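Below is the file start.cif, which contains mmCIF, N, CA and C atoms and all ligand atoms.
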```
data_data
#
loop_
_atom_site.label_atom_id
_atom_site.label_comp_id
_atom_site.auth_asym_id
_atom_site.auth_seq_id
_atom_site.Cartn_x
_atom_site.Cartn_y
_atom_site.Cartn_z
N MET A 1 9.52 17.17 7.78
CA MET A 1 9.94 16.34 8.90
C MET A 1 9.65 14.88 8.60
N ILE A 2 10.54 14.02 9.04
CA ILE A 2 10.27 12.58 8.95
C ILE A 2 10.39 11.97 10.34
N ILE A 3 9.62 10.94 10.55
CA ILE A 3 9.64 10.26 11.84
C ILE A 3 10.25 8.88 11.65
N TYR A 4 11.25 8.57 12.44
CA TYR A 4 11.85 7.24 12.39
C TYR A 4 11.53 6.47 13.66
N ASP A 5 11.29 5.19 13.51
CA ASP A 5 11.22 4.31 14.67
C ASP A 5 12.64 3.90 15.00
N LEU A 6 13.02 4.12 16.24
CA LEU A 6 14.40 3.87 16.65
C LEU A 6 14.43 2.86 17.79
N GLU A 7 15.58 2.23 17.93
CA GLU A 7 15.74 1.27 19.02
C GLU A 7 17.15 1.41 19.56
N CYS A 8 17.28 1.42 20.89
CA CYS A 8 18.62 1.50 21.47
C CYS A 8 19.21 0.10 21.57
N GLU A 9 20.45 0.01 22.03
CA GLU A 9 21.15 -1.28 22.01
C GLU A 9 20.50 -2.32 22.91
N ILE A 10 19.73 -1.88 23.93
CA ILE A 10 19.07 -2.90 24.75
C ILE A 10 17.58 -3.01 24.47
N GLY A 11 17.17 -2.42 23.33
CA GLY A 11 15.84 -2.73 22.84
C GLY A 11 14.72 -1.79 23.22
N HIS A 12 15.03 -0.62 23.80
CA HIS A 12 13.97 0.36 24.03
C HIS A 12 13.55 0.95 22.69
N ARG A 13 12.24 1.02 22.46
CA ARG A 13 11.75 1.60 21.21
C ARG A 13 11.26 3.02 21.44
N PHE A 14 11.60 3.91 20.53
CA PHE A 14 11.09 5.28 20.60
C PHE A 14 11.09 5.89 19.21
N GLU A 15 10.45 7.05 19.08
CA GLU A 15 10.39 7.74 17.80
C GLU A 15 11.32 8.93 17.80
N GLY A 16 11.91 9.21 16.65
CA GLY A 16 12.73 10.40 16.52
C GLY A 16 12.25 11.21 15.31
N TRP A 17 12.25 12.51 15.46
CA TRP A 17 11.83 13.40 14.37
C TRP A 17 13.07 14.05 13.79
N PHE A 18 13.17 14.01 12.45
CA PHE A 18 14.36 14.56 11.80
C PHE A 18 13.95 15.36 10.57
N LYS A 19 14.85 16.31 10.20
CA LYS A 19 14.57 17.12 9.02
C LYS A 19 14.64 16.28 7.75
N SER A 20 15.55 15.31 7.74
CA SER A 20 15.74 14.49 6.55
C SER A 20 16.50 13.23 6.94
N ALA A 21 16.63 12.31 6.00
CA ALA A 21 17.40 11.10 6.26
C ALA A 21 18.85 11.45 6.55
N ASP A 22 19.37 12.48 5.83
CA ASP A 22 20.76 12.91 6.06
C ASP A 22 20.93 13.48 7.47
N ASP A 23 19.91 14.22 7.90
CA ASP A 23 19.94 14.81 9.24
C ASP A 23 20.02 13.70 10.30
N PHE A 24 19.21 12.66 10.10
CA PHE A 24 19.26 11.52 11.04
C PHE A 24 20.65 10.90 11.04
N GLN A 25 21.18 10.66 9.82
CA GLN A 25 22.48 9.99 9.69
C GLN A 25 23.57 10.81 10.39
N ALA A 26 23.56 12.12 10.15
CA ALA A 26 24.58 13.00 10.72
C ALA A 26 24.49 13.00 12.25
N GLN A 27 23.26 13.10 12.76
CA GLN A 27 23.10 13.12 14.22
C GLN A 27 23.50 11.79 14.84
N ASN A 28 23.13 10.70 14.14
CA ASN A 28 23.44 9.38 14.70
C ASN A 28 24.95 9.12 14.65
N ASP A 29 25.59 9.53 13.54
CA ASP A 29 27.03 9.36 13.42
C ASP A 29 27.76 10.11 14.53
N SER A 30 27.23 11.26 14.94
CA SER A 30 27.85 12.06 15.99
C SER A 30 27.36 11.66 17.38
N HIS A 31 26.57 10.59 17.45
CA HIS A 31 26.01 10.10 18.71
C HIS A 31 25.21 11.18 19.44
N LEU A 32 24.48 11.97 18.67
CA LEU A 32 23.66 13.03 19.26
C LEU A 32 22.26 12.53 19.63
N ILE A 33 21.93 11.32 19.16
CA ILE A 33 20.62 10.77 19.48
C ILE A 33 20.80 9.80 20.65
N SER A 34 20.01 9.98 21.68
CA SER A 34 20.12 9.04 22.78
C SER A 34 18.75 8.52 23.18
N CYS A 35 18.75 7.32 23.75
CA CYS A 35 17.53 6.68 24.19
C CYS A 35 16.93 7.48 25.35
N PRO A 36 15.63 7.80 25.28
CA PRO A 36 15.01 8.56 26.37
C PRO A 36 14.92 7.77 27.67
N LEU A 37 15.06 6.45 27.60
CA LEU A 37 14.93 5.64 28.80
C LEU A 37 16.26 5.35 29.48
N CYS A 38 17.27 5.00 28.67
CA CYS A 38 18.55 4.62 29.29
C CYS A 38 19.71 5.52 28.85
N GLU A 39 19.41 6.47 27.95
CA GLU A 39 20.41 7.43 27.48
C GLU A 39 21.54 6.81 26.66
N SER A 40 21.37 5.57 26.25
CA SER A 40 22.36 4.97 25.35
C SER A 40 22.35 5.75 24.04
N ALA A 41 23.55 5.97 23.46
CA ALA A 41 23.62 6.67 22.17
C ALA A 41 23.89 5.69 21.04
N THR A 42 23.76 4.39 21.33
CA THR A 42 23.88 3.39 20.26
C THR A 42 22.47 3.07 19.77
N ILE A 43 22.11 3.76 18.68
CA ILE A 43 20.74 3.75 18.20
C ILE A 43 20.69 3.17 16.79
N LYS A 44 19.68 2.34 16.54
CA LYS A 44 19.49 1.91 15.15
C LYS A 44 18.03 2.10 14.76
N ARG A 45 17.79 2.17 13.47
CA ARG A 45 16.42 2.32 12.99
C ARG A 45 15.79 0.94 12.86
N VAL A 46 14.50 0.88 13.13
CA VAL A 46 13.78 -0.40 12.99
C VAL A 46 12.59 -0.20 12.06
N PRO A 47 12.22 -1.26 11.33
CA PRO A 47 11.03 -1.16 10.47
C PRO A 47 9.80 -0.96 11.34
N SER A 48 8.85 -0.20 10.86
CA SER A 48 7.64 0.02 11.64
C SER A 48 6.44 -0.57 10.91
N ALA A 49 5.37 -0.76 11.64
CA ALA A 49 4.16 -1.34 11.07
C ALA A 49 3.38 -0.27 10.31
N HIS A 50 2.82 -0.66 9.18
CA HIS A 50 2.07 0.29 8.36
C HIS A 50 0.78 -0.34 7.87
N TYR A 51 -0.13 0.50 7.48
CA TYR A 51 -1.46 0.06 7.10
C TYR A 51 -1.89 0.86 5.88
N VAL A 52 -2.55 0.21 4.92
CA VAL A 52 -3.09 0.95 3.80
C VAL A 52 -4.45 0.36 3.45
N LYS A 53 -5.39 1.20 3.10
CA LYS A 53 -6.68 0.70 2.67
C LYS A 53 -6.98 1.31 1.32
N ALA A 54 -7.36 0.44 0.38
CA ALA A 54 -7.60 0.90 -0.97
C ALA A 54 -8.92 1.64 -1.08
N SER A 55 -8.92 2.63 -1.95
CA SER A 55 -10.17 3.30 -2.28
C SER A 55 -10.66 2.72 -3.60
N ASN A 56 -11.93 2.34 -3.68
CA ASN A 56 -12.44 1.68 -4.87
C ASN A 56 -12.69 2.63 -6.03
N GLN A 57 -13.06 3.87 -5.73
CA GLN A 57 -13.45 4.80 -6.79
C GLN A 57 -12.27 5.27 -7.63
N SER A 58 -11.29 5.85 -6.97
CA SER A 58 -10.26 6.57 -7.71
C SER A 58 -9.16 5.66 -8.23
N GLY A 59 -9.05 4.48 -7.68
CA GLY A 59 -7.94 3.63 -8.07
C GLY A 59 -6.69 3.94 -7.26
N ASN A 60 -6.77 4.97 -6.45
CA ASN A 60 -5.62 5.28 -5.59
C ASN A 60 -5.87 4.74 -4.20
N GLN A 61 -4.80 4.34 -3.55
CA GLN A 61 -4.95 3.96 -2.16
C GLN A 61 -5.11 5.21 -1.32
N SER A 62 -5.89 5.11 -0.33
CA SER A 62 -5.92 6.20 0.65
C SER A 62 -6.26 5.60 1.99
N THR A 63 -5.89 6.31 3.01
CA THR A 63 -6.26 5.84 4.33
C THR A 63 -7.69 6.27 4.56
N THR A 64 -8.57 5.30 4.74
CA THR A 64 -9.98 5.64 4.86
C THR A 64 -10.48 5.47 6.29
N ALA A 65 -9.57 5.21 7.20
CA ALA A 65 -9.98 5.17 8.60
C ALA A 65 -10.49 6.56 8.97
N PRO A 66 -11.51 6.61 9.83
CA PRO A 66 -12.06 7.91 10.20
C PRO A 66 -11.01 8.81 10.87
N ILE A 67 -11.11 10.07 10.62
CA ILE A 67 -10.18 11.04 11.19
C ILE A 67 -10.67 11.40 12.60
N PRO A 68 -9.78 11.46 13.55
CA PRO A 68 -10.23 11.80 14.90
C PRO A 68 -10.62 13.26 14.99
N SER A 69 -11.76 13.51 15.53
CA SER A 69 -12.14 14.90 15.75
C SER A 69 -11.56 15.36 17.09
N ALA A 70 -11.37 14.37 17.99
CA ALA A 70 -10.77 14.65 19.30
C ALA A 70 -11.53 15.74 20.05
N GLU A 71 -12.83 15.86 19.74
CA GLU A 71 -13.60 16.87 20.45
C GLU A 71 -13.90 16.45 21.88
N SER A 72 -13.90 15.15 22.09
CA SER A 72 -14.10 14.66 23.45
C SER A 72 -13.36 13.35 23.61
N PRO A 73 -12.99 12.98 24.80
CA PRO A 73 -12.32 11.70 25.01
C PRO A 73 -13.16 10.55 24.48
N ALA A 74 -14.50 10.63 24.62
CA ALA A 74 -15.36 9.55 24.16
C ALA A 74 -15.25 9.38 22.65
N GLU A 75 -15.23 10.50 21.92
CA GLU A 75 -15.11 10.42 20.46
C GLU A 75 -13.76 9.87 20.07
N PHE A 76 -12.74 10.27 20.79
CA PHE A 76 -11.41 9.79 20.48
C PHE A 76 -11.32 8.27 20.70
N LYS A 77 -11.88 7.79 21.79
CA LYS A 77 -11.90 6.35 22.05
C LYS A 77 -12.66 5.61 20.96
N HIS A 78 -13.78 6.21 20.54
CA HIS A 78 -14.58 5.60 19.49
C HIS A 78 -13.75 5.47 18.21
N TRP A 79 -13.06 6.56 17.86
CA TRP A 79 -12.23 6.56 16.67
C TRP A 79 -11.12 5.51 16.77
N LEU A 80 -10.50 5.46 17.96
CA LEU A 80 -9.40 4.54 18.17
C LEU A 80 -9.85 3.09 18.04
N ASN A 81 -11.01 2.79 18.61
CA ASN A 81 -11.53 1.43 18.52
C ASN A 81 -11.94 1.10 17.09
N ALA A 82 -12.46 2.09 16.37
CA ALA A 82 -12.83 1.88 14.97
C ALA A 82 -11.58 1.58 14.14
N LEU A 83 -10.53 2.33 14.40
CA LEU A 83 -9.28 2.12 13.67
C LEU A 83 -8.71 0.74 13.99
N ARG A 84 -8.78 0.36 15.27
CA ARG A 84 -8.29 -0.94 15.67
C ARG A 84 -9.07 -2.05 14.95
N HIS A 85 -10.38 -1.83 14.81
CA HIS A 85 -11.23 -2.79 14.11
C HIS A 85 -10.81 -2.91 12.63
N HIS A 86 -10.59 -1.74 11.98
CA HIS A 86 -10.11 -1.73 10.59
C HIS A 86 -8.83 -2.54 10.46
N VAL A 87 -7.91 -2.26 11.37
CA VAL A 87 -6.59 -2.88 11.29
C VAL A 87 -6.69 -4.39 11.51
N LYS A 88 -7.52 -4.78 12.48
CA LYS A 88 -7.68 -6.19 12.80
C LYS A 88 -8.23 -6.97 11.61
N ASN A 89 -9.12 -6.33 10.85
CA ASN A 89 -9.76 -7.00 9.73
C ASN A 89 -9.00 -6.85 8.41
N SER A 90 -7.82 -6.26 8.46
CA SER A 90 -7.04 -6.13 7.24
C SER A 90 -6.12 -7.34 7.10
N GLU A 91 -5.71 -7.58 5.86
CA GLU A 91 -4.86 -8.74 5.61
C GLU A 91 -3.42 -8.43 5.99
N ASP A 92 -2.82 -9.32 6.77
CA ASP A 92 -1.43 -9.13 7.18
C ASP A 92 -0.51 -9.69 6.11
N VAL A 93 0.19 -8.81 5.39
CA VAL A 93 1.09 -9.26 4.33
C VAL A 93 2.55 -9.22 4.78
N GLY A 94 2.75 -8.90 6.07
CA GLY A 94 4.09 -8.95 6.64
C GLY A 94 5.09 -8.09 5.88
N GLU A 95 6.23 -8.68 5.55
CA GLU A 95 7.31 -7.91 4.92
C GLU A 95 7.04 -7.61 3.45
N ARG A 96 5.97 -8.17 2.90
CA ARG A 96 5.62 -7.87 1.50
C ARG A 96 4.78 -6.60 1.41
N PHE A 97 4.68 -5.84 2.51
CA PHE A 97 3.77 -4.70 2.55
C PHE A 97 3.97 -3.73 1.39
N SER A 98 5.20 -3.27 1.19
CA SER A 98 5.40 -2.22 0.19
C SER A 98 5.14 -2.78 -1.22
N GLU A 99 5.53 -4.05 -1.43
CA GLU A 99 5.29 -4.70 -2.72
C GLU A 99 3.78 -4.80 -2.99
N GLU A 100 3.02 -5.25 -1.99
CA GLU A 100 1.58 -5.41 -2.16
C GLU A 100 0.88 -4.06 -2.33
N ALA A 101 1.30 -3.08 -1.55
CA ALA A 101 0.68 -1.74 -1.65
C ALA A 101 0.90 -1.18 -3.06
N ARG A 102 2.10 -1.43 -3.60
CA ARG A 102 2.43 -0.94 -4.93
C ARG A 102 1.61 -1.69 -5.99
N ARG A 103 1.50 -3.01 -5.84
CA ARG A 103 0.72 -3.80 -6.81
C ARG A 103 -0.74 -3.36 -6.82
N MET A 104 -1.29 -3.07 -5.63
CA MET A 104 -2.67 -2.58 -5.54
C MET A 104 -2.79 -1.24 -6.24
N HIS A 105 -1.80 -0.39 -6.02
CA HIS A 105 -1.81 0.96 -6.59
C HIS A 105 -1.85 0.89 -8.11
N TYR A 106 -1.10 -0.04 -8.68
CA TYR A 106 -1.03 -0.13 -10.13
C TYR A 106 -2.02 -1.15 -10.71
N GLY A 107 -2.94 -1.60 -9.88
CA GLY A 107 -4.01 -2.47 -10.37
C GLY A 107 -3.58 -3.89 -10.65
N GLU A 108 -2.43 -4.31 -10.11
CA GLU A 108 -1.95 -5.67 -10.36
C GLU A 108 -2.43 -6.65 -9.29
N ALA A 109 -3.03 -6.12 -8.24
CA ALA A 109 -3.54 -6.98 -7.18
C ALA A 109 -4.88 -6.43 -6.73
N ASP A 110 -5.71 -7.31 -6.17
CA ASP A 110 -7.02 -6.88 -5.67
C ASP A 110 -6.85 -5.80 -4.63
N LYS A 111 -7.71 -4.80 -4.71
CA LYS A 111 -7.68 -3.73 -3.72
C LYS A 111 -8.33 -4.20 -2.43
N ARG A 112 -7.61 -4.04 -1.37
CA ARG A 112 -8.11 -4.46 -0.06
C ARG A 112 -7.30 -3.75 1.01
N ALA A 113 -7.75 -3.89 2.24
CA ALA A 113 -6.99 -3.31 3.34
C ALA A 113 -5.88 -4.27 3.72
N ILE A 114 -4.66 -3.76 3.77
CA ILE A 114 -3.53 -4.60 4.17
C ILE A 114 -2.73 -3.91 5.26
N LYS A 115 -2.00 -4.74 5.98
CA LYS A 115 -1.07 -4.20 6.97
C LYS A 115 0.21 -5.02 6.91
N GLY A 116 1.30 -4.45 7.37
CA GLY A 116 2.55 -5.20 7.35
C GLY A 116 3.71 -4.32 7.74
N GLN A 117 4.89 -4.88 7.60
CA GLN A 117 6.11 -4.19 8.01
C GLN A 117 6.73 -3.49 6.81
N ALA A 118 7.23 -2.29 7.04
CA ALA A 118 7.94 -1.57 5.98
C ALA A 118 8.99 -0.68 6.60
N THR A 119 10.06 -0.47 5.83
CA THR A 119 11.09 0.45 6.31
C THR A 119 10.69 1.88 5.92
N THR A 120 11.33 2.85 6.53
CA THR A 120 11.03 4.25 6.21
C THR A 120 11.33 4.54 4.74
N GLU A 121 12.41 3.94 4.21
CA GLU A 121 12.73 4.15 2.78
C GLU A 121 11.60 3.63 1.90
N GLN A 122 11.09 2.43 2.24
CA GLN A 122 10.00 1.85 1.43
C GLN A 122 8.77 2.75 1.47
N ILE A 123 8.46 3.27 2.67
CA ILE A 123 7.28 4.12 2.81
C ILE A 123 7.48 5.43 2.05
N GLN A 124 8.70 5.98 2.12
CA GLN A 124 8.95 7.22 1.40
C GLN A 124 8.79 7.03 -0.10
N SER A 125 9.29 5.90 -0.62
CA SER A 125 9.17 5.72 -2.06
C SER A 125 7.73 5.43 -2.46
N LEU A 126 6.96 4.77 -1.57
CA LEU A 126 5.52 4.60 -1.84
C LEU A 126 4.83 5.96 -1.91
N HIS A 127 5.16 6.83 -0.96
CA HIS A 127 4.54 8.15 -0.94
C HIS A 127 4.89 8.94 -2.19
N GLU A 128 6.14 8.79 -2.66
CA GLU A 128 6.55 9.48 -3.89
C GLU A 128 5.74 8.99 -5.09
N GLU A 129 5.30 7.72 -5.04
CA GLU A 129 4.49 7.17 -6.14
C GLU A 129 3.01 7.44 -5.94
N GLY A 130 2.67 8.14 -4.86
CA GLY A 130 1.28 8.51 -4.64
C GLY A 130 0.48 7.52 -3.82
N VAL A 131 1.17 6.60 -3.14
CA VAL A 131 0.48 5.64 -2.28
C VAL A 131 0.51 6.16 -0.83
N ASP A 132 -0.68 6.37 -0.29
CA ASP A 132 -0.76 6.82 1.10
C ASP A 132 -0.73 5.63 2.04
N THR A 133 0.04 5.73 3.09
CA THR A 133 0.01 4.69 4.10
C THR A 133 -0.11 5.35 5.46
N LEU A 134 -0.45 4.56 6.41
CA LEU A 134 -0.61 5.07 7.77
C LEU A 134 0.32 4.27 8.67
N SER A 135 1.15 4.97 9.41
CA SER A 135 2.04 4.31 10.35
C SER A 135 1.27 3.99 11.62
N LEU A 136 1.43 2.75 12.09
CA LEU A 136 0.61 2.30 13.21
C LEU A 136 1.40 2.18 14.50
N PRO A 137 0.87 2.76 15.57
CA PRO A 137 1.47 2.47 16.87
C PRO A 137 1.18 1.02 17.25
N ASP A 138 2.13 0.38 17.93
CA ASP A 138 2.00 -1.04 18.27
C ASP A 138 0.69 -1.38 18.96
N PHE A 139 0.18 -0.47 19.80
CA PHE A 139 -0.99 -0.83 20.58
C PHE A 139 -2.22 -1.05 19.71
N LEU A 140 -2.19 -0.54 18.46
CA LEU A 140 -3.33 -0.77 17.58
C LEU A 140 -3.34 -2.18 17.00
N LEU A 141 -2.22 -2.86 17.12
CA LEU A 141 -2.10 -4.18 16.51
C LEU A 141 -2.56 -5.28 17.45
N THR A 142 -2.91 -4.95 18.64
CA THR A 142 -3.37 -5.97 19.58
C THR A 142 -4.65 -5.51 20.25
N ASP A 143 -5.37 -6.43 20.83
CA ASP A 143 -6.61 -6.11 21.54
C ASP A 143 -6.33 -5.90 23.03
N LYS A 144 -5.07 -6.08 23.39
CA LYS A 144 -4.73 -6.13 24.82
C LYS A 144 -5.23 -4.91 25.59
N ASN A 145 -4.92 -3.72 25.06
CA ASN A 145 -5.32 -2.53 25.81
C ASN A 145 -6.46 -1.81 25.12
N LYS A 146 -7.44 -2.58 24.68
CA LYS A 146 -8.63 -2.02 24.06
C LYS A 146 -9.30 -1.02 25.03
N LEU A 147 -9.67 0.11 24.45
CA LEU A 147 -10.30 1.14 25.28
C LEU A 147 -11.78 0.87 25.42
N ASN A 148 -12.29 0.99 26.58
CA ASN A 148 -13.71 0.75 26.81
C ASN A 148 -14.42 2.06 27.18
ZN ZN B 201 17.44 2.43 25.97
#
```
What does this structure look like when you write it as structure tokens?
Ligand SMILES: [Zn+2]
Amino acid sequence: MIIYDLECEIGHRFEGWFKSADDFQAQNDSHLISCPLCESATIKRVPSAHYVKASNQSGNQSTTAPIPSAESPAEFKHWLNALRHHVKNSEDVGERFSEEARRMHYGEADKRAIKGQATTEQIQSLHEEGVDTLSLPDFLLTDKNKLN
């Protein structure tokens, strides 16, 4: 399964799950995908925010943010705030995300935590090269709705 960030013609953002890129294309061509808010079937894909943190030992990037145990709401909030902290302190490389992640992977750039914009194609090709990235929900990129 792949997840695409989608946007309808008036700008509602939502996620769609598809078997493959071809599956998305076929469904979209047939106008089978509609916005959950306004039911518009004019849908386009949008780049989504991604995050990668380098691992120093192996030379491979990996997402080192703590994994949520979700055993209690308190633990989940703790994890979420920790992840938000990681993201806030990472370098924003914007649209150079996939380029920088790749350079770090191959040792051409300093290993560090970065965040930025990438298309699904860019992320897929990074994953094929063994670079792990984490797709970020928008709320992690701001302090606005920090959980207390
Ligand atoms: Zn809509």
Which residue is closest to ligand ZN 201 (chain B)? Choose from A:Leu136, A:Ala21, A:Cys38, A:Ala26 and count only C-alpha atoms and all ligand atoms.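 Between A:Leu136, A:Ala21, A:Cys38, A:Ala26, the residue approaching ligand ZN 201 (chain B) most closely is A:Cys38.
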Which is closest to Glu95 in chain A among A:His78, A:Ser20, A:Gly11, A:Lys115, if we use all atoms listed in the file?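 Of A:His78, A:Ser20, A:Gly11, A:Lys115, the one nearest Glu95 in chain A is A:Lys115, counting all atoms listed in the file.
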Set the distance at 8 Å and use all atoms listed in the file: which residues neighbour Ser40 in chain A once local chain neighbours fewer than 4 positions away are removed? I'd like the list as a PyMOL selection string. chain A and resi 8-10+31+33-36
Could you check how far atom N of Gly94 in chain A sits from atom C of Gly130 in chain A, in Å to one decimal? 19.3 Å
Which residue of A:Ile2, A:Ala41, A:Ala109, A:Ala101 approaches ligand ZN 201 (chain B) most closely, using all atoms listed in the file: A:Ala41
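Distance-wise, CA of Ser135 in chain A and CA of His50 in chain A end up 4.5 Å apart.
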Write out as a ChimeraX atom specification all residues of range 76-105 of chain A that backbone DSSP assigns to strand (DSSP E or B). /A:91-94
Tell me which of A:Gln124, A:Met1, A:Ala113, A:Val131 sits closest to Leu83 in chain A, counting only C-alpha atoms.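 Looking only at the distances to Leu83 in chain A, the closest residue turns out to be A:Ala113.
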Separation of atom N of Glu7 in chain A from atom N of Val46 in chain A in Å: 5.1 Å
Shortest contact to ligand ZN 201 (chain B), candidates A:Leu134, A:Leu37, A:Leu6, A:Val87, atoms counted only N, CA and C atoms and all ligand atoms, goes to A:Leu37
Measuring between all atoms listed in the file, which one of A:Arg112, A:Lys44, A:Lys19, A:Lys77 shows the shortest distance to Ile3 in chain A?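 Looking only at the distances to Ile3 in chain A, the closest residue turns out to be A:Lys19.
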Using all atoms listed in the file, which residues sit within 7 Å of Ser98 in chain A once same-chain residues fewer than 5 positions away are excluded, as a list in words?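 Contacts, in chain order: Arg103, Gly116, Gln117, Ala118, Gln122 and Ile123 of chain A.
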